[in-house]
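Student: I have a structure I would like to understand better, so I am pasting it below and will then ask my questions one at a time.
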Amino acid sequence: MTVAKRTFDAVIVGAGGAGLRAALQLSEAGLKTAVLTKVFPTRSHTVAAQGGVAASLGNSTEDNWHWHMYDTVKGSDWLGDQDAIEFMCRKANEVVVELEHYGMPFDRTDNGKIYQRPFGGHSQNYGQSPVSRSCAAADRTGHAMLHALYQRNVRANTQFFVEWIALDLIRDQDGDVVGVTALELETGEVSIFHSKATIFATGGAGRIFYSSTNAFINTGDGVGMAARAGIPLEDMEFWQFHPTGVAGAGVLITEGVRGEGGILRNAAGERFMERYAPNLKDLASRDVVSRSMVTEINEGRGCGPDKDHVLLDITHLSPETIMKRLPGIREISIQFAGVDPIKAPIPVVPTCHYQMGGIPTNYKGQVVVPKDGEPNTPVVGFYAAGECACASVHGANRLGTNSLLDLLVFGKSAGESVVDDIQSGNLSLKPLPADAADASLARISRLENQTGGESVAEVGQAMRRSMQKHAGVFRFDNLLKEGVTAILDVAERSKRTEIKDKSKVWNTARMEALELDNLIEVAKATMISAEARKESRGAHVRDDAPDTAEFPNGRNDKEWLKHTLWYREGNRLDYKPVTMKPLSHDVEPIALAKRTY
């Protein structure tokens with residue numbers, strides 16, 4: 001197969017919120033920028049984000065970024081890096097106002113300011129009472145954001161390569177990143193995108209689980225590519241299960257429903273969150289609410305004939321409020337649950353939603369790896385932002401609406417770093433290695449020539465069922481051990497996948513097989529990292545880590561206040577310290593405490 005070569009100042013893989021925000025920074029600085037995306041940019045998964053973007057504007061209730069920082073560190077169960085968290089919370093107001101100036105149609109208060117609603121885990125005065133911090137465009141915030149950013153990129157003449165799938169990262173003999181290989185779906189041809197800088201903004205990998213709010217495109221492509229290129233993956237044991245997916249369908253029901261006054265009820269009609277989180281109730285952080293719901297179901301208080309879900313009740317809200325603030329949710333409920341929420345509660349169950357771990361980065365968006373005794377050495381030419389990256393601002397559990405903020409802040413930050421590095425002369429166009437495309441061509445060749453192999457769909461289904469069974473909302477020692485064996489077995493099967501369609505044009509079977517390669521890397525990293533972490537922290541809750549005075553909520557700070565690093569080579573685990581020191585010398589670190597709501 002002949003391999004064409006294209007040359008750019010920067011290549012961005014992924015055209016969701018983070019990719020578009022980074023692209024805008026580069027294009028407006030006059031850099032020649034390519035954005036590779038599997039789907040048309042406005043179809044990226046950011047479009048599905050509903051509830052809002054966090055910023056301490058204080059338009060509805062008093063607020064400041066110190067409270068936001070405290071909530072984020074506490075929400076992360078102290079696994080978040082406090083320098084990156086300070087950076088994100090300080091920048092929040094700036095990037096939201098910037099987005100407004102790009103034409104984002106935020107809802108408005110009566111006095112014309114951006115409308116803000118309460119969200120889980122966000123509070124006033126260091127945890128005392130709920131705060132309205134989420135800037136929303138009804139329940140379609142991600143949709144509005146993606147369109148505003150895409151339009152701005154069109155204005156800036158960003159060059160998009162739509163319906164291309166990136167295959168592998170290209171590193172030279174020094175370990176520097178010099179571009180990517182990619183496959184054009186329309187022709188089946190492979191190209192090299194040679195660049196001074198490469199930014200990954202490929203989103204999450206929620207499709208490793210059987211029940212997920214994630215779109216079918218969320219296959220962890222950037223994370224898988226980084227792993228194959230020898231980059232370690234950070235904190236992959238931490239996956240957020242969103243409390244409210246439509247029972248049976250997994251489709252997301254935004255936390256904004258509870259922000260607007262929605263109440264979770266069990267079979268007896270009881271508002272059960274009062275027992276688990278007496279202060280914030282239904283607006284406790286997501287991991288707490290998810291576990292509370294599963295506990296209600298496990299103890300026999302679930303709803304429906306199989307007692308397998310709980311109910312989200314907004315029937316006490318006025319129809320006008322529902323139609324104005326939650327129009328999309330009403331539509332989803334009618335379509336997927338067969339319930340009009342104006343008249344009856346919505347059946348909901350926790351479902352996989354968000355990847356807290358990913359490619360290790362710092363707050364500048366630079367990808368960092370351990371080298372020469374230093375845990376965070378930047379990889380020359382490589383940057384990442386959004387859900388595929390781990391800055392780490394979410395730690396062991398992300399607060400709702402901090403994901404859209406993460407996209408904006410670190411998409412912009414990665415873009416600024418690339419502009420600075422290129423304009424200062426720190427980054428130049430290095431020569432491509434002679435074998436730049438060999439690994440990608442070998443992967444495609446194997447699929448072309450494999451006979452008597454495994455079905456991609458069956459191997460994928462085995463992976464998803466294994467992940468759901470062995471690494472769900474609650475984790476058990478014996479199930480995790482079995483899970484490691486099961487997922488390594490599935491990984492072996494994935495090496496023998498076969499596709500029947502050998503054509504070149506629009507070969508979706510080939511694309512799914514290539515995506516499975518990435519999902520398998522994520523699944524291995526998740527299961528092996530989870531089995532090794534012998535404590536409960538945030539979204540990772542083990543049955544053998546009881547809540548004691550020494551170990552609050554089963555958290556063991558003496559041994560486990562550290563980030564996991566998983567290396568693909570030999571499934572090796574390493575660890576690095578959590579940054580407990582904020583970025584600014586005049587900001588007090590947020591001290592360890594028991595996490596209660």
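Labels for the structure tokens follow display order: chains A, B, ..., residues from 1 in each chain, ligands from 1.
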Taking a cut-off of 12 Å and counting only C-alpha atoms, can you build a table that, for each residue of stretch 373-415 of chain A near stretch 540-557 of chain A, reports the nearest atom pair and how far apart they are in Å (one decimal), sorted by chain then residue number, as a tab-separated table?
Tutor:
residue	atom	partner	partner_atom	distance
A:Gly395	CA	A:His540	CA	10.9
A:Ala396	CA	A:His540	CA	7.2
A:Asn397	CA	A:His540	CA	8.6
Student: Only all heavy atoms, please: the residues just picked out, written as a tab-separated table (two decimals), in the first residue's frame.
Tutor:
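The resulting file, out.tsv, is reproduced below:
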chain	number	residue	atom	x	y	z
A	395	GLY	N	-9.23	13.35	39.37
A	395	GLY	CA	-8.79	12.38	40.38
A	395	GLY	C	-9.57	11.10	40.32
A	395	GLY	O	-9.69	10.45	39.29
A	396	ALA	N	-10.17	10.73	41.47
A	396	ALA	CA	-10.91	9.47	41.57
A	396	ALA	C	-12.38	9.62	41.25
A	396	ALA	O	-13.11	8.63	41.20
A	396	ALA	CB	-10.74	8.90	42.99
A	397	ASN	N	-12.85	10.86	41.07
A	397	ASN	CA	-14.27	11.08	40.75
A	397	ASN	C	-14.47	12.51	40.25
A	397	ASN	O	-14.07	13.46	40.91
A	397	ASN	CB	-15.13	10.87	42.02
A	397	ASN	CG	-16.57	11.28	41.80
A	397	ASN	OD1	-17.30	10.68	41.02
A	397	ASN	ND2	-16.99	12.34	42.46
Student: What's the 7 Å shell around A:Val3, counting only C-alpha atoms, without same-chain residues fewer than 6 positions away, as a PDB file with N, CA and C atoms, in the first residue's frame?
Tutor:
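Output file selection.pdb is given in full below:
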ATOM      1  N   VAL A 190      -4.111   4.850   3.532  1.00  0.00           N
ATOM      2  CA  VAL A 190      -3.393   5.290   4.736  1.00  0.00           C
ATOM      3  C   VAL A 190      -2.500   6.469   4.379  1.00  0.00           C
ATOM      4  N   SER A 191      -2.465   7.474   5.265  1.00  0.00           N
ATOM      5  CA  SER A 191      -1.591   8.638   5.088  1.00  0.00           C
ATOM      6  C   SER A 191      -0.805   8.894   6.366  1.00  0.00           C
ATOM      7  N   ILE A 192       0.331   9.537   6.185  1.00  0.00           N
ATOM      8  CA  ILE A 192       1.098  10.028   7.335  1.00  0.00           C
ATOM      9  C   ILE A 192       0.819  11.524   7.472  1.00  0.00           C
TER      10      ILE A 192
END
Student: Against stretch 233-250 of chain A, which residues of stretch 501-577 of chain A fall within 6 Å? For each one I want the closest pair of atoms and the distance in Å (one decimal), counting only C-alpha atoms, rows by chain and increasing residue number, as a tab-separated table.
Tutor:
residue	atom	partner	partner_atom	distance
A:Ala525	CA	A:Met236	CA	6.0
A:Thr526	CA	A:Glu237	CA	4.6
A:Ser529	CA	A:Glu237	CA	5.3
A:Ala530	CA	A:Glu237	CA	4.5
A:Ala539	CA	A:Phe238	CA	5.8
A:His540	CA	A:Phe238	CA	5.8
A:His563	CA	A:Asp235	CA	5.8
A:Thr564	CA	A:Asp235	CA	4.9
A:Leu565	CA	A:Glu234	CA	4.7
A:Trp566	CA	A:Leu233	CA	5.1
Student: What's around stretch 310-320 of chain A at 6 Å? Count only C-alpha atoms, leave out sequence neighbours fewer than 4 positions away in its own chain, and write the answer as JSON, numbers by chain.
Tutor: {"A": [262, 263, 264, 265, 266, 302, 303, 342, 343, 345, 346, 347, 348]}
Student: So, with only C-alpha atoms as the atoms that count, which of A:Val484, A:Val418, A:Ala54, A:Leu185 lies closest to A:Val11?
Tutor: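 Closest residue, counting only C-alpha atoms: A:Val418.
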Student: Looking only at the backbone, which of the residues in stretch 210-254 of chain A does DSSP tag as strand (DSSP E or B), as a PyMOL selection string?
Tutor: chain A and resi 212+233-234+239-246+252
Student: If you measure from atom CA of A:Ser129 to atom CA of A:Ile329, what distance in Å do you get, rounded to one decimal?
Tutor: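 That distance, rounded to one decimal, is 26.1 Å.
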Student: Among stretch 403-474 of chain A, which ones does DSSP assign to helix (DSSP H, G or I) (computed from the backbone)? Answer as number ranges by chain.
Tutor: A: 403-423, 438-449, 456-470
Student: Need the shell around A:Gly222: protein/DNA/RNA residues with any atom at most 7 Å away, counting only C-alpha atoms. Skip same-chain ones fewer than 6 positions apart. Format as a PyMOL selection string?
Tutor: chain A and resi 200+202+388
Student: Produce a file of the selected residues containing N, CA and C atoms, as a compact mmCIF listing (two decimals), in the first residue's frame.
Tutor:
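The file below, result37.txt, is the result:
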# COMPACT_ATOMS: atom_id res chain seq x y z
N PHE A 200 -3.77 15.14 21.07
CA PHE A 200 -4.86 14.15 21.14
C PHE A 200 -6.03 14.74 21.91
N THR A 202 -9.25 12.88 21.76
CA THR A 202 -10.07 11.80 21.19
C THR A 202 -11.20 11.34 22.09
N CYS A 388 -9.68 12.18 27.05
CA CYS A 388 -8.59 11.22 26.82
C CYS A 388 -7.37 11.53 27.67
Student: Of the residues A:Ala226, A:Val367, A:Leu432, A:Met356, which is the one nearest to A:Tyr567, using only C-alpha atoms?
Tutor: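 Checking each of A:Ala226, A:Val367, A:Leu432, A:Met356 against A:Tyr567, counting only C-alpha atoms, the winner is A:Ala226.
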Student: Which of these, A:Ser536, A:Pro577, A:Arg155, A:Gly381, has the shortest distance to A:Lys430 once you count only C-alpha atoms?
Tutor: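 That would be A:Gly381, the residue with the smallest distance to A:Lys430.
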Student: Tell me, as a list of chain:residue names, which residues lie within 8 Å of A:Leu514, counting only C-alpha atoms; anything in the same chain fewer than 4 positions away does not count.
Tutor: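 Residues near the query, excluding close chain neighbours: A:Leu167, A:Arg510, A:Asn518.
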Student: State, in Å with one decimal place, the distance from atom CA of A:Asp176 to atom CA of A:Pro378.
Tutor: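 Result for atom CA of A:Asp176 versus atom CA of A:Pro378: 9.7 Å, one decimal.
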Student: Considering only C-alpha atoms, state which residue in the set A:Pro232, A:Met88, A:Ile334, A:Ile487 is at the smallest distance from A:Arg572.
Tutor: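 Once distances to A:Arg572 are computed over only C-alpha atoms, the minimum belongs to A:Pro232.
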Student: Residues within 8 Å of stretch 493-501 of chain A, please, as a PDB file with N, CA, C and O atoms, in the first residue's frame. Count only C-alpha atoms; anything in the same chain fewer than 5 positions from it doesn't count.
Tutor:
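What landed in around.pdb:
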ATOM      1  N   LEU A 447      -5.587  -7.834   9.246  1.00  0.00           N
ATOM      2  CA  LEU A 447      -7.038  -7.931   9.019  1.00  0.00           C
ATOM      3  C   LEU A 447      -7.346  -8.395   7.598  1.00  0.00           C
ATOM      4  O   LEU A 447      -8.297  -9.141   7.371  1.00  0.00           O
ATOM      5  N   GLU A 448      -6.523  -7.965   6.646  1.00  0.00           N
ATOM      6  CA  GLU A 448      -6.733  -8.364   5.244  1.00  0.00           C
ATOM      7  C   GLU A 448      -6.554  -9.871   5.073  1.00  0.00           C
ATOM      8  O   GLU A 448      -7.250 -10.512   4.291  1.00  0.00           O
ATOM      9  N   GLN A 450      -6.222 -12.357   7.659  1.00  0.00           N
ATOM     10  CA  GLN A 450      -6.675 -13.289   8.709  1.00  0.00           C
ATOM     11  C   GLN A 450      -7.795 -14.191   8.179  1.00  0.00           C
ATOM     12  O   GLN A 450      -8.759 -13.727   7.568  1.00  0.00           O
ATOM     13  N   THR A 451      -7.634 -15.496   8.408  1.00  0.00           N
ATOM     14  CA  THR A 451      -8.714 -16.437   8.073  1.00  0.00           C
ATOM     15  C   THR A 451      -8.999 -17.310   9.292  1.00  0.00           C
ATOM     16  O   THR A 451      -8.119 -17.498  10.145  1.00  0.00           O
ATOM     17  N   GLY A 452     -10.231 -17.798   9.376  1.00  0.00           N
ATOM     18  CA  GLY A 452     -10.611 -18.671  10.495  1.00  0.00           C
ATOM     19  C   GLY A 452     -10.497 -17.987  11.840  1.00  0.00           C
ATOM     20  O   GLY A 452     -10.242 -18.630  12.865  1.00  0.00           O
ATOM     21  N   GLY A 453     -10.668 -16.650  11.832  1.00  0.00           N
ATOM     22  CA  GLY A 453     -10.486 -15.880  13.076  1.00  0.00           C
ATOM     23  C   GLY A 453     -11.764 -15.654  13.853  1.00  0.00           C
ATOM     24  O   GLY A 453     -12.817 -16.222  13.558  1.00  0.00           O
ATOM     25  N   GLU A 454     -11.657 -14.813  14.853  1.00  0.00           N
ATOM     26  CA  GLU A 454     -12.768 -14.501  15.760  1.00  0.00           C
ATOM     27  C   GLU A 454     -13.618 -13.358  15.195  1.00  0.00           C
ATOM     28  O   GLU A 454     -13.109 -12.474  14.501  1.00  0.00           O
ATOM     29  N   SER A 455     -14.892 -13.334  15.567  1.00  0.00           N
ATOM     30  CA  SER A 455     -15.786 -12.243  15.188  1.00  0.00           C
ATOM     31  C   SER A 455     -15.483 -11.004  16.042  1.00  0.00           C
ATOM     32  O   SER A 455     -15.379 -11.092  17.269  1.00  0.00           O
ATOM     33  N   VAL A 456     -15.334  -9.866  15.367  1.00  0.00           N
ATOM     34  CA  VAL A 456     -15.081  -8.600  16.082  1.00  0.00           C
ATOM     35  C   VAL A 456     -16.216  -8.314  17.070  1.00  0.00           C
ATOM     36  O   VAL A 456     -15.989  -7.936  18.219  1.00  0.00           O
ATOM     37  N   VAL A 459     -16.010 -10.731  20.176  1.00  0.00           N
ATOM     38  CA  VAL A 459     -14.898 -10.383  21.079  1.00  0.00           C
ATOM     39  C   VAL A 459     -15.232  -9.088  21.834  1.00  0.00           C
ATOM     40  O   VAL A 459     -15.013  -8.978  23.048  1.00  0.00           O
ATOM     41  N   ASN A 507     -15.287   0.869   4.505  1.00  0.00           N
ATOM     42  CA  ASN A 507     -15.295  -0.444   5.154  1.00  0.00           C
ATOM     43  C   ASN A 507     -15.433  -0.257   6.671  1.00  0.00           C
ATOM     44  O   ASN A 507     -14.444  -0.117   7.392  1.00  0.00           O
ATOM     45  N   ALA A 509     -16.502  -2.411   8.797  1.00  0.00           N
ATOM     46  CA  ALA A 509     -16.043  -3.606   9.530  1.00  0.00           C
ATOM     47  C   ALA A 509     -14.579  -3.446   9.919  1.00  0.00           C
ATOM     48  O   ALA A 509     -14.172  -3.765  11.047  1.00  0.00           O
ATOM     49  N   ARG A 510     -13.778  -2.922   8.980  1.00  0.00           N
ATOM     50  CA  ARG A 510     -12.362  -2.692   9.283  1.00  0.00           C
ATOM     51  C   ARG A 510     -12.224  -1.649  10.393  1.00  0.00           C
ATOM     52  O   ARG A 510     -11.413  -1.805  11.315  1.00  0.00           O
ATOM     53  N   ALA A 513     -12.917  -3.140  13.769  1.00  0.00           N
ATOM     54  CA  ALA A 513     -11.817  -4.005  14.218  1.00  0.00           C
ATOM     55  C   ALA A 513     -10.651  -3.163  14.744  1.00  0.00           C
ATOM     56  O   ALA A 513     -10.033  -3.503  15.769  1.00  0.00           O
ATOM     57  N   LEU A 516     -11.574  -1.774  18.105  1.00  0.00           N
ATOM     58  CA  LEU A 516     -11.491  -2.797  19.157  1.00  0.00           C
ATOM     59  C   LEU A 516     -10.067  -2.900  19.709  1.00  0.00           C
ATOM     60  O   LEU A 516      -9.877  -3.096  20.915  1.00  0.00           O
ATOM     61  N   ASP A 517      -9.064  -2.734  18.826  1.00  0.00           N
ATOM     62  CA  ASP A 517      -7.664  -2.735  19.298  1.00  0.00           C
ATOM     63  C   ASP A 517      -7.463  -1.694  20.398  1.00  0.00           C
ATOM     64  O   ASP A 517      -6.758  -1.933  21.380  1.00  0.00           O
ATOM     65  N   ILE A 520      -9.453  -2.613  23.738  1.00  0.00           N
ATOM     66  CA  ILE A 520      -8.797  -3.687  24.494  1.00  0.00           C
ATOM     67  C   ILE A 520      -7.683  -3.128  25.384  1.00  0.00           C
ATOM     68  O   ILE A 520      -7.516  -3.534  26.534  1.00  0.00           O
TER      69      ILE A 520
END
Student: Could you name the residues that touch A:Ala15 at 10 Å or less, counting only C-alpha atoms, but leaving out those on the same chain fewer than 6 positions away, as an mmCIF file with N, CA, C and O atoms, in the first residue's frame?
Tutor:
data_model
loop_
_atom_site.group_PDB
_atom_site.id
_atom_site.type_symbol
_atom_site.label_atom_id
_atom_site.label_comp_id
_atom_site.auth_asym_id
_atom_site.auth_seq_id
_atom_site.Cartn_x
_atom_site.Cartn_y
_atom_site.Cartn_z
ATOM 1 N N ARG A 21 -11.446 23.558 20.586
ATOM 2 C CA ARG A 21 -10.906 24.718 21.330
ATOM 3 C C ARG A 21 -9.410 24.862 21.092
ATOM 4 O O ARG A 21 -8.891 25.973 20.944
ATOM 5 N N ALA A 22 -8.713 23.706 21.015
ATOM 6 C CA ALA A 22 -7.273 23.747 20.727
ATOM 7 C C ALA A 22 -7.038 24.243 19.300
ATOM 8 O O ALA A 22 -6.161 25.088 19.057
ATOM 9 N N ALA A 23 -7.837 23.735 18.362
ATOM 10 C CA ALA A 23 -7.682 24.125 16.958
ATOM 11 C C ALA A 23 -7.862 25.627 16.776
ATOM 12 O O ALA A 23 -7.135 26.267 15.999
ATOM 13 N N VAL A 35 -7.191 18.968 11.577
ATOM 14 C CA VAL A 35 -8.000 18.289 12.593
ATOM 15 C C VAL A 35 -8.563 17.012 11.968
ATOM 16 O O VAL A 35 -9.319 17.066 10.996
ATOM 17 N N LEU A 36 -8.164 15.865 12.508
ATOM 18 C CA LEU A 36 -8.663 14.563 12.040
ATOM 19 C C LEU A 36 -9.850 14.146 12.893
ATOM 20 O O LEU A 36 -9.780 14.220 14.124
ATOM 21 N N THR A 37 -10.934 13.693 12.267
ATOM 22 C CA THR A 37 -12.102 13.287 13.046
ATOM 23 C C THR A 37 -12.858 12.163 12.346
ATOM 24 O O THR A 37 -13.004 12.173 11.117
ATOM 25 N N LYS A 38 -13.319 11.195 13.133
ATOM 26 C CA LYS A 38 -14.059 10.048 12.585
ATOM 27 C C LYS A 38 -15.435 10.456 12.082
ATOM 28 O O LYS A 38 -16.005 9.815 11.209
ATOM 29 N N VAL A 39 -15.997 11.505 12.700
ATOM 30 C CA VAL A 39 -17.352 11.954 12.341
ATOM 31 C C VAL A 39 -17.309 13.455 12.069
ATOM 32 O O VAL A 39 -16.355 14.131 12.440
ATOM 33 N N PHE A 40 -18.353 13.980 11.456
ATOM 34 C CA PHE A 40 -18.413 15.428 11.244
ATOM 35 C C PHE A 40 -18.299 16.115 12.616
ATOM 36 O O PHE A 40 -18.892 15.642 13.594
ATOM 37 N N PRO A 41 -17.516 17.211 12.714
ATOM 38 C CA PRO A 41 -17.237 17.798 14.036
ATOM 39 C C PRO A 41 -18.447 17.987 14.947
ATOM 40 O O PRO A 41 -18.372 17.693 16.148
ATOM 41 N N THR A 42 -19.582 18.447 14.397
ATOM 42 C CA THR A 42 -20.738 18.691 15.268
ATOM 43 C C THR A 42 -21.464 17.404 15.657
ATOM 44 O O THR A 42 -22.468 17.454 16.362
ATOM 45 N N ARG A 43 -20.949 16.237 15.218
ATOM 46 C CA ARG A 43 -21.476 14.943 15.662
ATOM 47 C C ARG A 43 -20.588 14.335 16.743
ATOM 48 O O ARG A 43 -20.847 13.216 17.201
ATOM 49 N N SER A 44 -19.514 15.027 17.127
ATOM 50 C CA SER A 44 -18.625 14.526 18.183
ATOM 51 C C SER A 44 -19.404 14.361 19.488
ATOM 52 O O SER A 44 -20.465 14.957 19.674
ATOM 53 N N HIS A 45 -18.850 13.577 20.410
ATOM 54 C CA HIS A 45 -19.650 13.187 21.581
ATOM 55 C C HIS A 45 -19.937 14.344 22.546
ATOM 56 O O HIS A 45 -20.870 14.264 23.339
ATOM 57 N N THR A 46 -19.182 15.425 22.462
ATOM 58 C CA THR A 46 -19.481 16.609 23.284
ATOM 59 C C THR A 46 -20.921 17.067 23.051
ATOM 60 O O THR A 46 -21.548 17.666 23.932
ATOM 61 N N LEU A 146 -20.567 22.899 21.038
ATOM 62 C CA LEU A 146 -19.893 22.320 19.883
ATOM 63 C C LEU A 146 -20.157 23.153 18.625
ATOM 64 O O LEU A 146 -19.248 23.406 17.837
ATOM 65 N N LEU A 149 -18.199 26.496 18.813
ATOM 66 C CA LEU A 149 -16.767 26.316 18.567
ATOM 67 C C LEU A 149 -16.491 25.945 17.110
ATOM 68 O O LEU A 149 -15.510 26.396 16.518
ATOM 69 N N TYR A 150 -17.353 25.128 16.525
ATOM 70 C CA TYR A 150 -17.148 24.729 15.121
ATOM 71 C C TYR A 150 -17.269 25.947 14.192
ATOM 72 O O TYR A 150 -16.437 26.162 13.308
ATOM 73 N N PHE A 160 -10.200 20.709 8.254
ATOM 74 C CA PHE A 160 -10.741 19.470 8.832
ATOM 75 C C PHE A 160 -10.577 18.300 7.860
ATOM 76 O O PHE A 160 -10.808 18.445 6.656
ATOM 77 N N PHE A 161 -10.189 17.161 8.385
ATOM 78 C CA PHE A 161 -10.173 15.903 7.642
ATOM 79 C C PHE A 161 -11.267 15.037 8.256
ATOM 80 O O PHE A 161 -11.056 14.376 9.281
ATOM 81 N N VAL A 162 -12.447 15.102 7.643
ATOM 82 C CA VAL A 162 -13.640 14.467 8.228
ATOM 83 C C VAL A 162 -13.759 13.034 7.727
ATOM 84 O O VAL A 162 -13.539 12.742 6.550
ATOM 85 N N PHE A 200 -3.774 15.140 21.066
ATOM 86 C CA PHE A 200 -4.855 14.153 21.138
ATOM 87 C C PHE A 200 -6.028 14.744 21.907
ATOM 88 O O PHE A 200 -5.863 15.229 23.034
ATOM 89 N N ALA A 201 -7.199 14.698 21.295
ATOM 90 C CA ALA A 201 -8.440 15.148 21.939
ATOM 91 C C ALA A 201 -9.541 14.166 21.533
ATOM 92 O O ALA A 201 -10.584 14.551 21.020
ATOM 93 N N THR A 202 -9.250 12.885 21.761
ATOM 94 C CA THR A 202 -10.067 11.804 21.190
ATOM 95 C C THR A 202 -11.203 11.339 22.086
ATOM 96 O O THR A 202 -11.918 10.402 21.729
ATOM 97 N N GLY A 203 -11.369 11.974 23.263
ATOM 98 C CA GLY A 203 -12.496 11.614 24.119
ATOM 99 C C GLY A 203 -12.275 10.328 24.885
ATOM 100 O O GLY A 203 -11.168 9.788 24.949
#
Student: Kindly indicate which residue among A:Thr158, A:Gln82, A:Ser195, A:Gln173 lies nearest to A:Gly30, using only C-alpha atoms for the distances.
Tutor: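 Going through A:Thr158, A:Gln82, A:Ser195, A:Gln173 one by one, the smallest distance to A:Gly30 is for A:Thr158.
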Student: By how many Å are atom CA of A:Leu408 and atom CA of A:Ile253 apart?
Tutor: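 Taking atom CA of A:Leu408 as the start and atom CA of A:Ile253 as the end point, the length is 22.7 Å.
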Student: Find the residue from A:Ile199, A:Ala462, A:Ala523, A:Ala55 that sits nearest to A:Ser413; use only C-alpha atoms when measuring.
Tutor: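 Closest to A:Ser413, using only C-alpha atoms: A:Ile199.
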